[in-house]
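> Sharing a structure with you now.
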Amino acid sequence: MRGEFVDVRGVRLYYYAAGTRGAGEPIVLVHGFPGSSHLWHRVVPLLPAGHRAVVLDLLGAGRSDPANSPADLTAVAHVERLHAFFDELGIAAACVVGHGAGGAVAQALALTAPARVSRLVLVSSVAFDGRPAFRLATWLSGAPGTGALGAAPLAFLVRAAALDGYRGRTDGRRSLHLYLRPFTGRGRVASLAAQLRALNDSSVPACAARLGELRCPTAIVWGARDPILPVALAERLRAAIQGASLHVIADGRHYVPEEEPEEVARAVRAVLARKSDGRE
């Protein structure tokens with residue numbers, strides 16, 4: 001497994017790749033907020049052989065360049081960079097796996113460029129009118145004087161809300177420290193505020209109205225006890241996407257790629273085994 005940077009549309013994105021190039025389709029894994037490529041570290045070793053797994057840090061997260069404008073962090077903006085990212089890595093089409101806000105990015109990519117998404121896996125995904133439960137932090141991010149406060153109060157509120165998405169609090173604190181570290185340095189409040197404001201992404205409802213157009217094999221994976229994005233969204237996604245399968249993890253919360261990696265990898269393996277028309 002190796003990590004490196006790639007220049008895409010004037011910004012630098014970090015990614016790592018695992019597995020080997022083979023007859024199988026590549027698998028591209030997309031995190032949400034406040035995650036990074038670390039979200040998938042327990043899933044990647046469980047993915048089937050013969051597939052190249054590509055895991056990236058979206059703009060503004062992890063080791064990728066920071067972003068100070070919410071307009072650069074919408075699903076549509078991420079999709080534009082993903083096109084160029086795929087081209088740079090020589091990926092014509094991939095099984096795209098998205099978590100949280102990364103699920104909204106995956107939906108937008110599948111709808112605007114269906115030839116690039118051979119299969120789709122949505123894990124605890126933003127969809128419809130659902131928004132991650134960071135309301136107080138999002139409000140504070142747009143309040144006057146936020147810059148004078150610094151990033152620490154925003155990061156504290158995000159951490160407090162996100163921690164409830166973990167069953168294991170110790171591991172959750174460790175991961176959230178890693179996810180939020182890029183936002184807590186000097187002068188980074190604008191980057192964190194931009195991430196929070198981008199959660200009110202108007203392109204998500206627009207995508208929701210078109211979900212019936214999707215024809216790629218699709219799997220939906222959710223924690224039954226998710227406090228960040230309720231499992232009712234999973235049921236709505238299954239109803240909206242033709243032929244979509246739904247797997248609800250009985251004791252799962254929001255960060256199932258970290259806490260239930262076997263279940264997520266099983267869903268990816270199952271969708272890879274389906275024919276292009278969605279049949280087994």
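Following the order of the structure tokens, chains are lettered A, B, ..., residues in each are numbered from 1, and ligands are numbered from 1.
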Quick one: pick out all helix (DSSP H, G or I) residues within segment 95-273 of chain A from a backbone DSSP run and write them as a PyMOL selection string.
chain A and resi 101-112+114-116+135-141+146-149+151-163+169-183+189-198+203-208+211-213+232-240+256-259+261-273
> Would you mind listing what lies within 8 Å of Val268 of chain A as JSON, numbers by chain, with only C-alpha atoms counted and same-chain residues fewer than 4 positions away left out?
{"A": [47, 97, 121, 219, 264, 272]}
> Pick from A:His99, A:His83, A:Arg236, A:Lys275: nearest to Pro114 of chain A, with only C-alpha atoms counted?
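Among A:His99, A:His83, A:Arg236, A:Lys275, it is A:His83 that comes nearest to Pro114 of chain A.
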> Step one, run DSSP on the backbone; step two, keep only residues of segment 104-220 of chain A assigned to strand (DSSP E); then write them as a PDB file with C-alpha atoms, in the first residue's frame.

```
ATOM      1  CA  VAL A 117     -19.708   4.357 -12.018  1.00  0.00           C
ATOM      2  CA  SER A 118     -19.999   0.651 -12.713  1.00  0.00           C
ATOM      3  CA  ARG A 119     -21.446  -0.096  -9.271  1.00  0.00           C
ATOM      4  CA  LEU A 120     -22.479   1.997  -6.296  1.00  0.00           C
ATOM      5  CA  VAL A 121     -22.298   1.379  -2.556  1.00  0.00           C
ATOM      6  CA  LEU A 122     -23.841   3.991  -0.248  1.00  0.00           C
ATOM      7  CA  VAL A 123     -22.818   3.677   3.402  1.00  0.00           C
ATOM      8  CA  SER A 124     -24.666   5.802   5.970  1.00  0.00           C
ATOM      9  CA  SER A 125     -25.006   8.339   3.183  1.00  0.00           C
ATOM     10  CA  THR A 218     -26.392  -0.527  -5.977  1.00  0.00           C
ATOM     11  CA  ALA A 219     -26.014  -1.588  -2.355  1.00  0.00           C
ATOM     12  CA  ILE A 220     -27.021   0.446   0.680  1.00  0.00           C
TER      13      ILE A 220
END
```
> Between segment 168-191 of chain A and segment 23-44 of chain A, at 10 Å or less, what are the per-residue closest atom pairs and their distances in Å? Count only C-alpha atoms, order by chain and rising residue number, and return it as CSV.

```
residue,atom,partner,partner_atom,distance
A:Ser175,CA,A:His38,CA,8.0
A:Leu176,CA,A:Pro34,CA,7.7
A:Leu178,CA,A:His38,CA,8.4
A:Tyr179,CA,A:Gly35,CA,5.3
A:Leu180,CA,A:Pro34,CA,6.8
A:Phe183,CA,A:Pro34,CA,9.7
```
> Store the residues picked out above, limited to C-alpha atoms, as an mmCIF file, in the first residue's frame.

```
data_model
loop_
_atom_site.group_PDB
_atom_site.id
_atom_site.type_symbol
_atom_site.label_atom_id
_atom_site.label_comp_id
_atom_site.auth_asym_id
_atom_site.auth_seq_id
_atom_site.Cartn_x
_atom_site.Cartn_y
_atom_site.Cartn_z
ATOM 1 C CA SER A 175 -10.226 8.766 14.851
ATOM 2 C CA LEU A 176 -11.869 12.141 15.382
ATOM 3 C CA LEU A 178 -7.016 12.420 13.386
ATOM 4 C CA TYR A 179 -9.874 13.754 11.236
ATOM 5 C CA LEU A 180 -10.019 17.156 12.910
ATOM 6 C CA PHE A 183 -8.622 21.956 10.870
#
```
> Taking only C-alpha atoms into account, name the residue in A:Glu80, A:Glu4, A:Asp201, A:Asp171 that is nearest to Leu56 of chain A.
A:Glu4
> Using only C-alpha atoms, find the one residue out of A:Ala18, A:Ala208, A:Val126, A:Leu46 that sits nearest to Arg266 of chain A.
A:Leu46
> Quick one: residues within 12 Å of Pro132 of chain A, only C-alpha atoms, excluding same-chain residues fewer than 2 positions away - as an MDAnalysis selection string?
chainID A and resid 32:34 99:104 124:130 134:138 158 161:162 164:165 195:201 226:230 233 254
> Store the residues of this selection in a file with C-alpha atoms, as a compact mmCIF listing (two decimals), in the first residue's frame.

```
# COMPACT_ATOMS: atom_id res chain seq x y z
CA GLY A 32 -17.50 12.19 4.17
CA PHE A 33 -17.18 14.97 6.76
CA PRO A 34 -15.28 15.07 9.08
CA HIS A 99 -19.88 7.31 3.22
CA GLY A 100 -21.77 10.26 4.70
CA ALA A 101 -21.30 13.34 2.53
CA GLY A 102 -19.08 11.16 0.35
CA GLY A 103 -22.22 9.19 -0.46
CA ALA A 104 -23.76 12.36 -1.88
CA SER A 124 -24.67 5.80 5.97
CA SER A 125 -25.01 8.34 3.18
CA VAL A 126 -26.24 11.89 2.98
CA ALA A 127 -29.38 11.82 0.83
CA PHE A 128 -32.61 13.72 0.20
CA ASP A 129 -33.06 16.38 2.90
CA GLY A 130 -30.95 14.54 5.47
CA PHE A 134 -23.68 19.20 13.30
CA ARG A 135 -26.35 21.92 13.49
CA LEU A 136 -24.85 24.03 16.28
CA ALA A 137 -21.38 23.95 14.74
CA THR A 138 -22.85 24.78 11.33
CA VAL A 158 -18.09 18.68 15.66
CA ALA A 161 -21.69 15.43 17.75
CA ALA A 162 -19.63 12.96 15.73
CA ASP A 164 -22.09 9.77 19.23
CA GLY A 165 -21.73 8.05 15.86
CA GLN A 195 -16.69 22.35 5.47
CA LEU A 196 -19.60 22.94 7.83
CA ARG A 197 -21.39 25.40 5.54
CA ALA A 198 -20.96 22.99 2.62
CA LEU A 199 -23.16 20.47 4.46
CA ASN A 200 -26.11 22.62 3.38
CA ASP A 201 -25.47 21.51 -0.19
CA ASP A 226 -27.10 5.74 13.43
CA PRO A 227 -27.67 9.05 15.29
CA ILE A 228 -26.05 11.18 12.58
CA LEU A 229 -28.16 10.11 9.58
CA PRO A 230 -31.23 8.05 10.55
CA LEU A 233 -32.94 7.55 4.85
CA HIS A 254 -22.67 5.94 11.86
```
> What is the distance between atom CA of Tyr16 of chain A and atom CA of Arg131 of chain A, in Å to one decimal?
28.2 Å
> In Å to one decimal, how far is atom CA of Arg188 of chain A from atom CA of Pro153 of chain A?
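Taking atom CA of Pro153 of chain A as the start and atom CA of Arg188 of chain A as the end point, the length is 12.2 Å.
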> May I ask which of the residues A:Asp251, A:Val271, A:Ala77, A:Gly22 is the closest one to Tyr166 of chain A, counting only C-alpha atoms?
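Smallest separation from Tyr166 of chain A among the options: A:Asp251.
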> Which residues come within 9 Å of Phe5 of chain A, counting only C-alpha atoms, excluding same-chain residues fewer than 6 positions away, as a ChimeraX atom specification?
/A:12-16,63-64
> Mind giving me the straight-line distance from atom CA of Asp72 of chain A to atom CA of Pro257 of chain A in Å, one decimal?
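Those two atoms sit 25.5 Å apart.
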